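Novice: This is the content of upload_15.cif (mmCIF, N, CA and C atoms and all ligand atoms):
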```cif
data_data
loop_
_atom_site.label_atom_id
_atom_site.label_comp_id
_atom_site.auth_asym_id
_atom_site.auth_seq_id
_atom_site.Cartn_x
_atom_site.Cartn_y
_atom_site.Cartn_z
N MET Y 1 -23.13 2.56 3.17
CA MET Y 1 -23.22 1.29 2.43
C MET Y 1 -22.76 0.12 3.33
N THR Y 2 -23.57 -0.92 3.38
CA THR Y 2 -23.16 -2.06 4.20
C THR Y 2 -22.26 -2.99 3.39
N TYR Y 3 -21.37 -3.67 4.10
CA TYR Y 3 -20.42 -4.58 3.46
C TYR Y 3 -21.14 -5.85 3.02
N ASP Y 4 -20.98 -6.20 1.74
CA ASP Y 4 -21.58 -7.43 1.20
C ASP Y 4 -20.55 -8.56 1.28
N THR Y 5 -20.82 -9.54 2.11
CA THR Y 5 -19.84 -10.63 2.31
C THR Y 5 -19.70 -11.52 1.07
N ASN Y 6 -20.52 -11.27 0.06
CA ASN Y 6 -20.41 -12.05 -1.19
C ASN Y 6 -19.74 -11.27 -2.31
N ASN Y 7 -19.04 -10.17 -1.97
CA ASN Y 7 -18.30 -9.48 -3.04
C ASN Y 7 -17.13 -10.36 -3.50
N ILE Y 8 -16.63 -10.07 -4.70
CA ILE Y 8 -15.61 -10.94 -5.32
C ILE Y 8 -14.36 -11.10 -4.45
N PHE Y 9 -13.93 -10.02 -3.82
CA PHE Y 9 -12.68 -10.12 -3.04
C PHE Y 9 -12.90 -10.89 -1.74
N ALA Y 10 -14.11 -10.80 -1.18
CA ALA Y 10 -14.42 -11.63 0.00
C ALA Y 10 -14.38 -13.10 -0.39
N LYS Y 11 -14.86 -13.40 -1.59
CA LYS Y 11 -14.85 -14.79 -2.06
C LYS Y 11 -13.42 -15.26 -2.31
N ILE Y 12 -12.58 -14.36 -2.83
CA ILE Y 12 -11.16 -14.71 -3.02
C ILE Y 12 -10.52 -14.98 -1.66
N LEU Y 13 -10.79 -14.13 -0.68
CA LEU Y 13 -10.22 -14.31 0.66
C LEU Y 13 -10.65 -15.65 1.27
N ARG Y 14 -11.88 -16.07 1.00
CA ARG Y 14 -12.36 -17.34 1.55
C ARG Y 14 -11.93 -18.53 0.70
N GLY Y 15 -11.24 -18.26 -0.43
CA GLY Y 15 -10.77 -19.34 -1.30
C GLY Y 15 -11.88 -19.92 -2.16
N GLU Y 16 -13.00 -19.19 -2.28
CA GLU Y 16 -14.13 -19.71 -3.07
C GLU Y 16 -13.95 -19.47 -4.56
N ILE Y 17 -13.19 -18.42 -4.90
CA ILE Y 17 -12.81 -18.24 -6.31
C ILE Y 17 -11.30 -18.02 -6.35
N PRO Y 18 -10.67 -18.43 -7.46
CA PRO Y 18 -9.21 -18.38 -7.51
C PRO Y 18 -8.67 -16.97 -7.74
N CYS Y 19 -7.40 -16.80 -7.41
CA CYS Y 19 -6.69 -15.57 -7.77
C CYS Y 19 -5.25 -15.95 -8.05
N GLU Y 20 -4.55 -15.07 -8.75
CA GLU Y 20 -3.12 -15.28 -8.99
C GLU Y 20 -2.39 -14.56 -7.86
N LYS Y 21 -2.12 -15.34 -6.80
CA LYS Y 21 -1.61 -14.76 -5.55
C LYS Y 21 -0.13 -14.37 -5.67
N LEU Y 22 0.18 -13.19 -5.10
CA LEU Y 22 1.57 -12.71 -5.09
C LEU Y 22 2.17 -12.78 -3.70
N TYR Y 23 1.35 -12.46 -2.71
CA TYR Y 23 1.86 -12.32 -1.35
C TYR Y 23 0.69 -12.43 -0.39
N GLU Y 24 0.94 -13.04 0.77
CA GLU Y 24 -0.11 -13.09 1.80
C GLU Y 24 0.55 -13.07 3.16
N ASP Y 25 -0.03 -12.34 4.08
CA ASP Y 25 0.39 -12.44 5.48
C ASP Y 25 -0.87 -12.43 6.34
N GLU Y 26 -0.68 -12.27 7.65
CA GLU Y 26 -1.82 -12.38 8.57
C GLU Y 26 -2.93 -11.38 8.24
N HIS Y 27 -2.55 -10.20 7.76
CA HIS Y 27 -3.53 -9.12 7.61
C HIS Y 27 -3.87 -8.74 6.17
N THR Y 28 -3.06 -9.16 5.21
CA THR Y 28 -3.23 -8.67 3.84
C THR Y 28 -3.04 -9.79 2.80
N LEU Y 29 -3.56 -9.52 1.60
CA LEU Y 29 -3.38 -10.43 0.46
C LEU Y 29 -3.13 -9.57 -0.78
N ALA Y 30 -2.16 -9.99 -1.60
CA ALA Y 30 -1.87 -9.28 -2.86
C ALA Y 30 -2.02 -10.28 -4.00
N PHE Y 31 -2.66 -9.84 -5.09
CA PHE Y 31 -2.89 -10.72 -6.24
C PHE Y 31 -3.00 -9.88 -7.51
N MET Y 32 -2.91 -10.58 -8.65
CA MET Y 32 -2.95 -9.89 -9.94
C MET Y 32 -4.37 -9.43 -10.27
N ASP Y 33 -4.47 -8.25 -10.89
CA ASP Y 33 -5.75 -7.76 -11.43
C ASP Y 33 -5.98 -8.45 -12.78
N ILE Y 34 -7.19 -8.98 -12.98
CA ILE Y 34 -7.45 -9.73 -14.22
C ILE Y 34 -7.78 -8.83 -15.41
N MET Y 35 -7.99 -7.54 -15.13
CA MET Y 35 -8.22 -6.59 -16.24
C MET Y 35 -7.19 -5.47 -16.11
N PRO Y 36 -5.92 -5.81 -16.35
CA PRO Y 36 -4.85 -4.85 -16.03
C PRO Y 36 -4.90 -3.57 -16.86
N GLN Y 37 -4.64 -2.47 -16.17
CA GLN Y 37 -4.54 -1.17 -16.85
C GLN Y 37 -3.11 -0.86 -17.24
N ALA Y 38 -2.19 -1.70 -16.74
CA ALA Y 38 -0.77 -1.58 -17.07
C ALA Y 38 -0.18 -2.97 -16.86
N GLU Y 39 0.97 -3.24 -17.50
CA GLU Y 39 1.62 -4.53 -17.34
C GLU Y 39 2.02 -4.71 -15.87
N GLY Y 40 1.57 -5.81 -15.26
CA GLY Y 40 1.93 -6.05 -13.86
C GLY Y 40 0.97 -5.42 -12.85
N HIS Y 41 -0.19 -4.95 -13.34
CA HIS Y 41 -1.21 -4.34 -12.44
C HIS Y 41 -1.62 -5.37 -11.38
N CYS Y 42 -1.50 -4.99 -10.12
CA CYS Y 42 -1.91 -5.90 -9.05
C CYS Y 42 -2.65 -5.13 -7.96
N LEU Y 43 -3.23 -5.88 -7.05
CA LEU Y 43 -4.11 -5.32 -6.02
C LEU Y 43 -3.67 -5.81 -4.65
N VAL Y 44 -3.83 -4.97 -3.65
CA VAL Y 44 -3.59 -5.39 -2.27
C VAL Y 44 -4.85 -5.12 -1.47
N ILE Y 45 -5.28 -6.12 -0.70
CA ILE Y 45 -6.48 -5.97 0.11
C ILE Y 45 -6.19 -6.34 1.57
N PRO Y 46 -6.87 -5.64 2.50
CA PRO Y 46 -6.79 -6.08 3.89
C PRO Y 46 -7.74 -7.27 4.07
N LYS Y 47 -7.44 -8.13 5.03
CA LYS Y 47 -8.34 -9.25 5.30
C LYS Y 47 -9.57 -8.78 6.09
N LYS Y 48 -9.38 -7.73 6.87
CA LYS Y 48 -10.50 -7.20 7.67
C LYS Y 48 -11.48 -6.50 6.72
N PRO Y 49 -12.77 -6.86 6.77
CA PRO Y 49 -13.71 -6.30 5.81
C PRO Y 49 -14.04 -4.83 6.01
N SER Y 50 -14.08 -4.10 4.88
CA SER Y 50 -14.70 -2.77 4.81
C SER Y 50 -14.99 -2.55 3.34
N THR Y 51 -15.96 -1.69 3.02
CA THR Y 51 -16.28 -1.48 1.60
C THR Y 51 -15.20 -0.65 0.92
N GLY Y 52 -14.55 0.22 1.70
CA GLY Y 52 -13.53 1.09 1.12
C GLY Y 52 -12.74 1.77 2.22
N LEU Y 53 -12.07 2.83 1.84
CA LEU Y 53 -11.22 3.58 2.77
C LEU Y 53 -12.04 4.25 3.88
N LEU Y 54 -13.22 4.74 3.51
CA LEU Y 54 -13.97 5.62 4.42
C LEU Y 54 -14.56 4.88 5.62
N ASP Y 55 -14.87 3.60 5.45
CA ASP Y 55 -15.45 2.84 6.56
C ASP Y 55 -14.44 1.85 7.16
N ALA Y 56 -13.17 1.95 6.75
CA ALA Y 56 -12.17 1.00 7.25
C ALA Y 56 -11.74 1.35 8.67
N ASP Y 57 -11.36 0.33 9.43
CA ASP Y 57 -10.75 0.53 10.73
C ASP Y 57 -9.31 0.98 10.47
N PRO Y 58 -8.91 2.17 10.95
CA PRO Y 58 -7.56 2.68 10.65
C PRO Y 58 -6.44 1.72 11.06
N ILE Y 59 -6.76 0.77 11.90
CA ILE Y 59 -5.76 -0.22 12.31
C ILE Y 59 -5.21 -0.98 11.10
N VAL Y 60 -6.02 -1.08 10.03
CA VAL Y 60 -5.57 -1.88 8.86
C VAL Y 60 -4.53 -1.12 8.01
N PHE Y 61 -4.43 0.19 8.16
CA PHE Y 61 -3.63 0.96 7.20
C PHE Y 61 -2.14 0.64 7.26
N ALA Y 62 -1.63 0.41 8.46
CA ALA Y 62 -0.18 0.14 8.57
C ALA Y 62 0.18 -1.14 7.82
N SER Y 63 -0.58 -2.21 8.07
CA SER Y 63 -0.25 -3.47 7.40
C SER Y 63 -0.58 -3.39 5.91
N LEU Y 64 -1.68 -2.71 5.57
CA LEU Y 64 -2.07 -2.59 4.16
C LEU Y 64 -0.96 -1.88 3.37
N PHE Y 65 -0.52 -0.73 3.88
CA PHE Y 65 0.47 0.04 3.11
C PHE Y 65 1.88 -0.52 3.22
N SER Y 66 2.12 -1.30 4.24
CA SER Y 66 3.40 -2.02 4.30
C SER Y 66 3.44 -3.04 3.15
N THR Y 67 2.31 -3.73 2.93
CA THR Y 67 2.25 -4.69 1.82
C THR Y 67 2.24 -3.96 0.47
N VAL Y 68 1.54 -2.83 0.40
CA VAL Y 68 1.55 -2.05 -0.85
C VAL Y 68 2.99 -1.67 -1.21
N GLN Y 69 3.75 -1.23 -0.22
CA GLN Y 69 5.14 -0.83 -0.50
C GLN Y 69 5.97 -2.03 -0.98
N LYS Y 70 5.83 -3.13 -0.26
CA LYS Y 70 6.58 -4.36 -0.60
C LYS Y 70 6.27 -4.80 -2.04
N VAL Y 71 4.98 -4.88 -2.36
CA VAL Y 71 4.58 -5.38 -3.67
C VAL Y 71 4.88 -4.35 -4.76
N ALA Y 72 4.73 -3.06 -4.45
CA ALA Y 72 5.03 -2.02 -5.44
C ALA Y 72 6.52 -2.04 -5.82
N ARG Y 73 7.38 -2.22 -4.83
CA ARG Y 73 8.82 -2.32 -5.13
C ARG Y 73 9.09 -3.51 -6.04
N ALA Y 74 8.48 -4.66 -5.70
CA ALA Y 74 8.71 -5.88 -6.49
C ALA Y 74 8.13 -5.73 -7.90
N ALA Y 75 6.93 -5.17 -8.01
CA ALA Y 75 6.28 -5.03 -9.32
C ALA Y 75 7.08 -4.07 -10.21
N LYS Y 76 7.59 -3.00 -9.61
CA LYS Y 76 8.39 -2.03 -10.39
C LYS Y 76 9.64 -2.70 -10.92
N ALA Y 77 10.31 -3.44 -10.05
CA ALA Y 77 11.54 -4.13 -10.47
C ALA Y 77 11.22 -5.21 -11.51
N ALA Y 78 10.20 -6.00 -11.25
CA ALA Y 78 9.87 -7.13 -12.12
C ALA Y 78 9.46 -6.68 -13.52
N MET Y 79 8.73 -5.56 -13.58
CA MET Y 79 8.24 -5.07 -14.88
C MET Y 79 9.24 -4.10 -15.51
N GLN Y 80 10.35 -3.89 -14.85
CA GLN Y 80 11.36 -2.92 -15.30
C GLN Y 80 10.69 -1.57 -15.60
N ALA Y 81 9.85 -1.16 -14.65
CA ALA Y 81 9.07 0.06 -14.82
C ALA Y 81 9.88 1.28 -14.38
N ASP Y 82 9.41 2.44 -14.85
CA ASP Y 82 10.07 3.70 -14.49
C ASP Y 82 9.43 4.34 -13.25
N GLY Y 83 8.20 3.94 -12.97
CA GLY Y 83 7.49 4.49 -11.82
C GLY Y 83 6.33 3.59 -11.45
N VAL Y 84 5.61 3.96 -10.40
CA VAL Y 84 4.45 3.16 -9.96
C VAL Y 84 3.32 4.11 -9.59
N THR Y 85 2.14 3.88 -10.17
CA THR Y 85 0.95 4.61 -9.74
C THR Y 85 0.22 3.75 -8.72
N VAL Y 86 -0.16 4.37 -7.59
CA VAL Y 86 -0.94 3.67 -6.56
C VAL Y 86 -2.28 4.39 -6.49
N MET Y 87 -3.39 3.66 -6.68
CA MET Y 87 -4.69 4.32 -6.64
C MET Y 87 -5.76 3.50 -5.92
N GLN Y 88 -6.81 4.18 -5.54
CA GLN Y 88 -7.81 3.56 -4.67
C GLN Y 88 -9.11 4.34 -4.84
N PHE Y 89 -10.23 3.64 -5.09
CA PHE Y 89 -11.51 4.31 -5.37
C PHE Y 89 -12.54 4.02 -4.27
N ASN Y 90 -13.38 5.00 -3.99
CA ASN Y 90 -14.41 4.85 -2.96
C ASN Y 90 -15.77 5.26 -3.49
N GLY Y 91 -16.65 4.26 -3.72
CA GLY Y 91 -18.00 4.52 -4.21
C GLY Y 91 -18.06 4.43 -5.72
N ALA Y 92 -19.23 4.02 -6.21
CA ALA Y 92 -19.43 3.87 -7.66
C ALA Y 92 -19.13 5.17 -8.39
N ALA Y 93 -19.50 6.29 -7.77
CA ALA Y 93 -19.28 7.59 -8.41
C ALA Y 93 -17.80 7.87 -8.63
N ALA Y 94 -16.97 7.24 -7.80
CA ALA Y 94 -15.52 7.43 -7.90
C ALA Y 94 -14.86 6.36 -8.76
N GLY Y 95 -15.67 5.44 -9.30
CA GLY Y 95 -15.13 4.40 -10.17
C GLY Y 95 -14.96 3.05 -9.51
N GLN Y 96 -15.38 2.93 -8.24
CA GLN Y 96 -15.22 1.64 -7.54
C GLN Y 96 -16.22 0.62 -8.10
N THR Y 97 -15.72 -0.58 -8.35
CA THR Y 97 -16.60 -1.64 -8.86
C THR Y 97 -16.66 -2.85 -7.92
N VAL Y 98 -15.63 -3.01 -7.08
CA VAL Y 98 -15.64 -4.11 -6.11
C VAL Y 98 -15.60 -3.48 -4.72
N PHE Y 99 -16.59 -3.85 -3.89
CA PHE Y 99 -16.78 -3.11 -2.64
C PHE Y 99 -16.17 -3.83 -1.44
N HIS Y 100 -14.87 -4.08 -1.58
CA HIS Y 100 -13.99 -4.49 -0.47
C HIS Y 100 -12.74 -3.65 -0.67
N LEU Y 101 -12.32 -2.92 0.37
CA LEU Y 101 -11.17 -2.01 0.25
C LEU Y 101 -10.01 -2.67 -0.50
N HIS Y 102 -9.50 -1.98 -1.51
CA HIS Y 102 -8.33 -2.48 -2.24
C HIS Y 102 -7.51 -1.32 -2.78
N VAL Y 103 -6.22 -1.59 -2.93
CA VAL Y 103 -5.29 -0.59 -3.45
C VAL Y 103 -4.71 -1.14 -4.74
N HIS Y 104 -4.78 -0.32 -5.80
CA HIS Y 104 -4.22 -0.70 -7.10
C HIS Y 104 -2.73 -0.33 -7.16
N ILE Y 105 -1.92 -1.25 -7.67
CA ILE Y 105 -0.50 -0.98 -7.92
C ILE Y 105 -0.27 -1.11 -9.42
N LEU Y 106 0.16 -0.02 -10.04
CA LEU Y 106 0.31 0.01 -11.50
C LEU Y 106 1.73 0.40 -11.88
N PRO Y 107 2.54 -0.59 -12.27
CA PRO Y 107 3.89 -0.24 -12.74
C PRO Y 107 3.77 0.61 -14.01
N ARG Y 108 4.53 1.69 -14.10
CA ARG Y 108 4.41 2.63 -15.23
C ARG Y 108 5.72 2.76 -15.99
N LYS Y 109 5.58 2.81 -17.31
CA LYS Y 109 6.74 3.06 -18.16
C LYS Y 109 6.60 4.42 -18.81
N ASP Y 110 7.73 5.09 -18.97
CA ASP Y 110 7.72 6.43 -19.57
C ASP Y 110 6.92 6.43 -20.87
N GLY Y 111 5.99 7.36 -21.00
CA GLY Y 111 5.27 7.55 -22.27
C GLY Y 111 4.15 6.56 -22.53
N ILE Y 112 3.89 5.60 -21.61
CA ILE Y 112 2.80 4.62 -21.84
C ILE Y 112 1.61 4.96 -20.94
N ALA Y 113 0.48 5.27 -21.58
CA ALA Y 113 -0.73 5.66 -20.83
C ALA Y 113 -1.39 4.44 -20.21
N LEU Y 114 -2.15 4.68 -19.14
CA LEU Y 114 -2.93 3.60 -18.53
C LEU Y 114 -4.05 3.18 -19.48
N LYS Y 115 -4.37 1.88 -19.49
CA LYS Y 115 -5.53 1.40 -20.24
C LYS Y 115 -6.79 1.70 -19.43
N ALA Y 116 -7.96 1.43 -20.04
CA ALA Y 116 -9.24 1.72 -19.38
C ALA Y 116 -9.38 0.93 -18.08
N HIS Y 117 -10.06 1.54 -17.11
CA HIS Y 117 -10.34 0.91 -15.82
C HIS Y 117 -11.40 -0.18 -16.01
N SER Y 118 -11.13 -1.39 -15.45
CA SER Y 118 -12.04 -2.53 -15.61
C SER Y 118 -12.41 -2.70 -17.08
N GLY Y 119 -11.43 -2.63 -17.95
CA GLY Y 119 -11.66 -2.68 -19.39
C GLY Y 119 -11.73 -4.10 -19.91
N GLN Y 120 -10.55 -4.65 -20.23
CA GLN Y 120 -10.52 -5.93 -20.92
C GLN Y 120 -9.78 -6.98 -20.11
N MET Y 121 -10.30 -8.21 -20.12
CA MET Y 121 -9.62 -9.34 -19.47
C MET Y 121 -8.32 -9.64 -20.19
N GLU Y 122 -7.25 -9.85 -19.44
CA GLU Y 122 -5.96 -10.23 -20.03
C GLU Y 122 -5.90 -11.75 -20.14
N LYS Y 123 -5.10 -12.25 -21.10
CA LYS Y 123 -4.91 -13.70 -21.23
C LYS Y 123 -4.28 -14.23 -19.95
N SER Y 124 -4.75 -15.40 -19.50
CA SER Y 124 -4.26 -15.92 -18.22
C SER Y 124 -2.77 -16.24 -18.28
N GLU Y 125 -2.24 -16.62 -19.46
CA GLU Y 125 -0.78 -16.90 -19.56
C GLU Y 125 0.02 -15.63 -19.26
N ILE Y 126 -0.47 -14.50 -19.72
CA ILE Y 126 0.26 -13.24 -19.50
C ILE Y 126 0.20 -12.85 -18.02
N ILE Y 127 -0.99 -12.99 -17.42
CA ILE Y 127 -1.15 -12.69 -15.99
C ILE Y 127 -0.20 -13.59 -15.18
N LYS Y 128 -0.18 -14.87 -15.52
CA LYS Y 128 0.66 -15.83 -14.78
C LYS Y 128 2.14 -15.51 -14.94
N ALA Y 129 2.54 -15.17 -16.17
CA ALA Y 129 3.95 -14.86 -16.42
C ALA Y 129 4.38 -13.62 -15.64
N ASN Y 130 3.53 -12.59 -15.62
CA ASN Y 130 3.87 -11.38 -14.87
C ASN Y 130 3.88 -11.67 -13.37
N ALA Y 131 2.93 -12.49 -12.92
CA ALA Y 131 2.88 -12.85 -11.49
C ALA Y 131 4.17 -13.57 -11.08
N GLU Y 132 4.63 -14.46 -11.93
CA GLU Y 132 5.88 -15.19 -11.60
C GLU Y 132 7.04 -14.24 -11.44
N LYS Y 133 7.12 -13.26 -12.35
CA LYS Y 133 8.21 -12.27 -12.25
C LYS Y 133 8.10 -11.46 -10.96
N ILE Y 134 6.88 -11.07 -10.60
CA ILE Y 134 6.70 -10.26 -9.38
C ILE Y 134 7.01 -11.09 -8.14
N ARG Y 135 6.55 -12.35 -8.14
CA ARG Y 135 6.85 -13.22 -6.99
C ARG Y 135 8.35 -13.41 -6.84
N ALA Y 136 9.04 -13.56 -7.97
CA ALA Y 136 10.50 -13.73 -7.92
C ALA Y 136 11.15 -12.48 -7.33
N ALA Y 137 10.65 -11.30 -7.72
CA ALA Y 137 11.22 -10.03 -7.23
C ALA Y 137 10.90 -9.84 -5.75
N LEU Y 138 9.81 -10.44 -5.27
CA LEU Y 138 9.45 -10.31 -3.85
C LEU Y 138 10.41 -11.05 -2.94
N THR Y 139 11.04 -12.06 -3.47
CA THR Y 139 11.93 -12.88 -2.63
C THR Y 139 13.34 -12.29 -2.55
N ILE Y 140 13.61 -11.26 -3.37
CA ILE Y 140 14.97 -10.69 -3.38
C ILE Y 140 15.16 -9.78 -2.17
P1 LIG Y 201 -12.28 -0.88 -8.47
O1 LIG Y 201 -12.97 -0.38 -9.69
O2 LIG Y 201 -11.29 0.06 -7.86
O3 LIG Y 201 -13.29 -1.42 -7.51
O4 LIG Y 201 -11.36 -2.05 -8.97
C1 LIG Y 201 -11.73 -3.38 -9.02
C2 LIG Y 201 -10.60 -4.05 -9.76
O5 LIG Y 201 -10.73 -5.43 -9.54
C3 LIG Y 201 -10.61 -3.80 -11.27
O6 LIG Y 201 -9.34 -3.31 -11.67
C4 LIG Y 201 -10.89 -5.19 -11.85
O7 LIG Y 201 -10.19 -5.40 -13.03
C5 LIG Y 201 -10.42 -6.09 -10.73
N1 LIG Y 201 -11.06 -7.39 -10.64
C6 LIG Y 201 -12.37 -7.67 -10.74
N2 LIG Y 201 -12.59 -8.98 -10.53
C7 LIG Y 201 -11.39 -9.54 -10.27
C8 LIG Y 201 -10.94 -10.86 -9.97
N3 LIG Y 201 -11.80 -11.88 -9.89
N4 LIG Y 201 -9.62 -11.07 -9.78
C9 LIG Y 201 -8.75 -10.05 -9.88
N5 LIG Y 201 -9.10 -8.78 -10.14
C10 LIG Y 201 -10.40 -8.52 -10.35
#
```
Take the structure from the file and write it as structure tokens.

Specialist:
Amino acid sequence: MTYDTNNIFAKILRGEIPCEKLYEDEHTLAFMDIMPQAEGHCLVIPKKPSTGLLDADPIVFASLFSTVQKVARAAKAAMQADGVTVMQFNGAAAGQTVFHLHVHILPRKDGIALKAHSGQMEKSEIIKANAEKIRAALTI
């Protein structure tokens, strides 16, 4: 599969569509998922384009997972979660809907199941409030 430079995350990286940004550095960007499967669901993407894990340049993995760890720690603390699920899909058959490599961070609470994948849009006030808490936890 060839990389489509007009996928949603490429547009977010170019600033053509907005996102609720949590963290950015030279190689990665973290932002809130607009259809959260758990409270505080967020995404981390490398800036270097690839459709997924399988066609990525392995050089991106160190910076990608360094940001995943940073944001997962902050999201867990901010959401007062008991654990964190980290997941990543490759290909439509695997559930991928946006074809720019991304890692899902899902803060988990004991006994609370994940909501449907790409299910329902969350109210922007709730996304913003959770983002503020995660950003605050990132600075600690
Ligand atoms: P995947 O199915 O792994 O490709 O996941 C794509 C994720 O991106 C889903 O969880 C969507 O809810 C999320 N998503 C889609 N569009 C946007 C957007 N504009 N901003 C933030 N998250 C998005």

Novice: In Å, how far is it from CA of Arg108 (chain Y) to CA of Ile12 (chain Y)?

Specialist: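 These atoms are spaced 26.3 Å apart.
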
Novice: Could you produce a table of the residues of chain Y lying within 7 Å of ligand LIG 201 (chain Y), with the nearest pair of atoms per residue and their separation in Å rounded to one decimal, using all atoms listed in the file, ordered by chain and increasing residue number, as JSON lines?

Specialist:
```
{"residue": "Y:Ile8", "atom": "CA", "partner": "Y:LIG201", "partner_atom": "N3", "distance": 6.0}
{"residue": "Y:Phe9", "atom": "N", "partner": "Y:LIG201", "partner_atom": "N3", "distance": 6.7}
{"residue": "Y:Pro18", "atom": "C", "partner": "Y:LIG201", "partner_atom": "N4", "distance": 6.3}
{"residue": "Y:Cys19", "atom": "CA", "partner": "Y:LIG201", "partner_atom": "N4", "distance": 5.7}
{"residue": "Y:Glu20", "atom": "N", "partner": "Y:LIG201", "partner_atom": "N4", "distance": 6.5}
{"residue": "Y:Phe31", "atom": "C", "partner": "Y:LIG201", "partner_atom": "C9", "distance": 6.2}
{"residue": "Y:Met32", "atom": "C", "partner": "Y:LIG201", "partner_atom": "C9", "distance": 4.4}
{"residue": "Y:Asp33", "atom": "CA", "partner": "Y:LIG201", "partner_atom": "N5", "distance": 3.7}
{"residue": "Y:Ile34", "atom": "N", "partner": "Y:LIG201", "partner_atom": "N5", "distance": 3.4}
{"residue": "Y:Met35", "atom": "N", "partner": "Y:LIG201", "partner_atom": "O7", "distance": 3.7}
{"residue": "Y:Pro36", "atom": "N", "partner": "Y:LIG201", "partner_atom": "O7", "distance": 5.4}
{"residue": "Y:Gln37", "atom": "N", "partner": "Y:LIG201", "partner_atom": "O6", "distance": 6.6}
{"residue": "Y:Met87", "atom": "C", "partner": "Y:LIG201", "partner_atom": "O2", "distance": 6.8}
{"residue": "Y:Gln88", "atom": "C", "partner": "Y:LIG201", "partner_atom": "O2", "distance": 5.7}
{"residue": "Y:Phe89", "atom": "N", "partner": "Y:LIG201", "partner_atom": "O2", "distance": 4.6}
{"residue": "Y:Asn90", "atom": "N", "partner": "Y:LIG201", "partner_atom": "O2", "distance": 6.6}
{"residue": "Y:Gly95", "atom": "C", "partner": "Y:LIG201", "partner_atom": "O1", "distance": 4.0}
{"residue": "Y:Gln96", "atom": "CA", "partner": "Y:LIG201", "partner_atom": "O3", "distance": 3.6}
{"residue": "Y:Thr97", "atom": "N", "partner": "Y:LIG201", "partner_atom": "O3", "distance": 2.7}
{"residue": "Y:Val98", "atom": "N", "partner": "Y:LIG201", "partner_atom": "O3", "distance": 2.9}
{"residue": "Y:Phe99", "atom": "N", "partner": "Y:LIG201", "partner_atom": "O3", "distance": 5.5}
{"residue": "Y:His100", "atom": "N", "partner": "Y:LIG201", "partner_atom": "O3", "distance": 6.7}
{"residue": "Y:His102", "atom": "C", "partner": "Y:LIG201", "partner_atom": "O2", "distance": 6.5}
{"residue": "Y:His104", "atom": "N", "partner": "Y:LIG201", "partner_atom": "O2", "distance": 6.8}
{"residue": "Y:His117", "atom": "C", "partner": "Y:LIG201", "partner_atom": "O6", "distance": 5.7}
{"residue": "Y:Ser118", "atom": "CA", "partner": "Y:LIG201", "partner_atom": "O7", "distance": 4.3}
{"residue": "Y:Gly119", "atom": "N", "partner": "Y:LIG201", "partner_atom": "O7", "distance": 5.8}
```

Novice: Hey, what's within 6 Å of Pro46 (chain Y) if we count only N, CA and C atoms and toss same-chain stuff fewer than 5 positions away? As a list in words, please?

Specialist: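 My reading of the contact set: His27, Thr28, Leu29, Leu64, Leu101 and His102 of chain Y.
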
Novice: Using only N, CA and C atoms, which residue out of Y:Lys133, Y:Pro107, Y:Ala94, Y:Lys115 lies closest to Cys42 (chain Y)?

Specialist: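 The shortest atom-to-atom distance to Cys42 (chain Y) comes from Y:Pro107.
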
Novice: Quick one: DSSP helix (DSSP H, G or I) residues in chain Y, as number ranges by chain?

Specialist: Y: 8-13, 59-78, 92-94, 124-138

Novice: Rounded to one decimal, what separation in Å do you get between atom C of Asp57 (chain Y) and atom N of Glu26 (chain Y)?

Specialist: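 One can read the atom C of Asp57 (chain Y) to atom N of Glu26 (chain Y) distance as 16.1 Å.
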
Novice: Taking (5.1, 0.0, -14.2) as a centre in this file's frame and 6 Å as the limit, can you find every polymer residue with an atom that close, using all atoms listed in the file, and give them as a PyMOL selection string?

Specialist: chain Y and resi 39+76+79-84+106-109

Novice: From a DSSP calculation on the backbone, collect every residue of region 1-106 of chain Y in strand (DSSP E or B) and output the set as a list in words.

Specialist: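 Those residues are Lys21, Leu22, Tyr23, Glu24, Thr28, Leu29, Ala30, Phe31, Met32, Cys42, Leu43, Val44, Ile45, Pro46, Gly83, Val84, Thr85, Val86, Met87, Val103, His104, Ile105 and Leu106 of chain Y.
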
Novice: Calculate how many Å separate CA of Ala93 (chain Y) from atom N of Gly52 (chain Y), rounding to one decimal.

Specialist: 13.4 Å

Novice: Tell me which of Y:Ala30, Y:Ile140, Y:Leu43, Y:Ala56 sits closest to Val103 (chain Y), counting only N, CA and C atoms.

Specialist: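 Of Y:Ala30, Y:Ile140, Y:Leu43, Y:Ala56, the one nearest Val103 (chain Y) is Y:Leu43, counting only N, CA and C atoms.
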